[in-house]
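Q: Questions regarding the structure given below will be posed in turn.
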Amino acid sequence: MICQNCGKDNAQTFIRNVGGKEVAVELCPACYRTLYPEKESDFFTSFLGSGASGKTCPACGTTLAQFRKTGLLGCAYCYSAFREELLETVRSIHNMQGEVRHTGKRPEASAEEKYDEARAYAAQREALIEELERAMRRGDYAAARTLQAKLKALNAHGEA
């Protein structure tokens with residue numbers, strides 16, 4: 001999709017509130033910043049700082065000052081151009097004492113035990129099914145009935 005304003009660059013869809021209605025505009029980031037200059041966001045300023053820097057993305061021309069003002073990067077190359085500043089931002093947003101890596105949540109202590117029980121149930125059920133099939137192929141219908149009863153009891157226990 002091409003920018004509706006300049007007609008040259010790749011566009012993104014931005015949602016604007018105009019007269020109480022939401023309007024979608026398809027603009028490149030540079031035209032969006034030019035057409036809709038916004039006041040410096042307190043949210044982004046608190047994390048990104050307000051100091052101006054001369055750093056510029058070589059691919060799209062977005063400056064670090066523009067990023068700090070809007071919180072928007074102009075292109076994928078901005079991540080490389082502003083790497084150090086972005087790392088500082090991630091650290092401050094996540095308050096990770098210098099860590100930039102997400103460690104995720106740890107499962108409950110009982111989760112491993114439940115997982116082991118489920119694996120044991122599945123293995124036991126699979127073994128009974130295989131044994132039942134072998135008994136049926138051999139024509140040992142008495143053993144098959146016994147195995148079928150065990151399988152039915154195991155299934156009833158597993159569903160409870």
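To be explicit about the labels: the chains of the structure tokens are called A, B, and onward in the order shown, and within each one the residues are counted from 1, while ligands get numbers from 1 in the order they are shown.
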I need the alpha helix (DSSP H) residues of chain A per DSSP on the backbone, written as a VMD selection string.

A: chain A and resid 29 to 35 42 to 48 64 to 70 78 to 81 83 to 94 109 to 138 141 to 159

Q: Between CA of Phe82 in chain A and CA of Thr62 in chain A, what distance in Å does the model show, to one decimal?

A: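 CA of Thr62 in chain A lies 10.0 Å from CA of Phe82 in chain A.
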
Q: Show me, as a list in words, the residues that have an atom within 12 Å of range 123-135 of chain A when counting only C-alpha atoms, minus same-chain residues fewer than 4 positions from it.

A: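 Result of the neighbour search: Asp116, Glu117, Ala118, Arg119, Gly139, Asp140, Tyr141, Ala142, Ala143, Ala144, Arg145, Thr146, Leu147, Gln148, Ala149, Lys150, Leu151, Lys152, Ala153, Leu154, Asn155, Ala156, His157 and Gly158 of chain A.
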
Q: Would you work out the distance separating CA of Phe14 in chain A from CA of Cys57 in chain A, expressed in Å to one decimal?

A: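 About the pair CA of Phe14 in chain A and CA of Cys57 in chain A: they are 21.3 Å apart.
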
Q: Mind checking which residues fall within 8 Å of Cys28 in chain A, counting only C-alpha atoms, ignoring those fewer than 6 positions away in the same chain, and posting them as number ranges by chain?

A: A: 2-3, 9-12

Q: Got a sec: who's within 9 Å of range 84-86 of chain A, counting only C-alpha atoms, leaving out chain neighbours fewer than 4 positions off, as a ChimeraX atom specification?

A: /A:48,64,79-80,90-91

Q: Just C-alpha atoms for this one: save the residues we selected as an mmCIF file, in the first residue's frame.

A:
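again00.cif written:
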data_model
loop_
_atom_site.group_PDB
_atom_site.id
_atom_site.type_symbol
_atom_site.label_atom_id
_atom_site.label_comp_id
_atom_site.auth_asym_id
_atom_site.auth_seq_id
_atom_site.Cartn_x
_atom_site.Cartn_y
_atom_site.Cartn_z
ATOM 1 C CA LEU A 48 12.573 7.755 26.622
ATOM 2 C CA LEU A 64 15.952 9.788 17.671
ATOM 3 C CA TYR A 79 15.797 -1.009 15.493
ATOM 4 C CA SER A 80 19.461 -1.273 14.492
ATOM 5 C CA VAL A 90 13.010 -1.780 27.357
ATOM 6 C CA ARG A 91 14.993 -1.948 30.579
#

Q: CA of Gly71 in chain A and CA of Lys105 in chain A are how many Å apart?

A: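 Rounded to one decimal, the two atoms are 27.3 Å apart.
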
Q: Which residue is closest to Pro37 in chain A? Choose from A:Thr89, A:Ala81, A:Gln66, A:Ala111 and count only C-alpha atoms.

A: A:Gln66
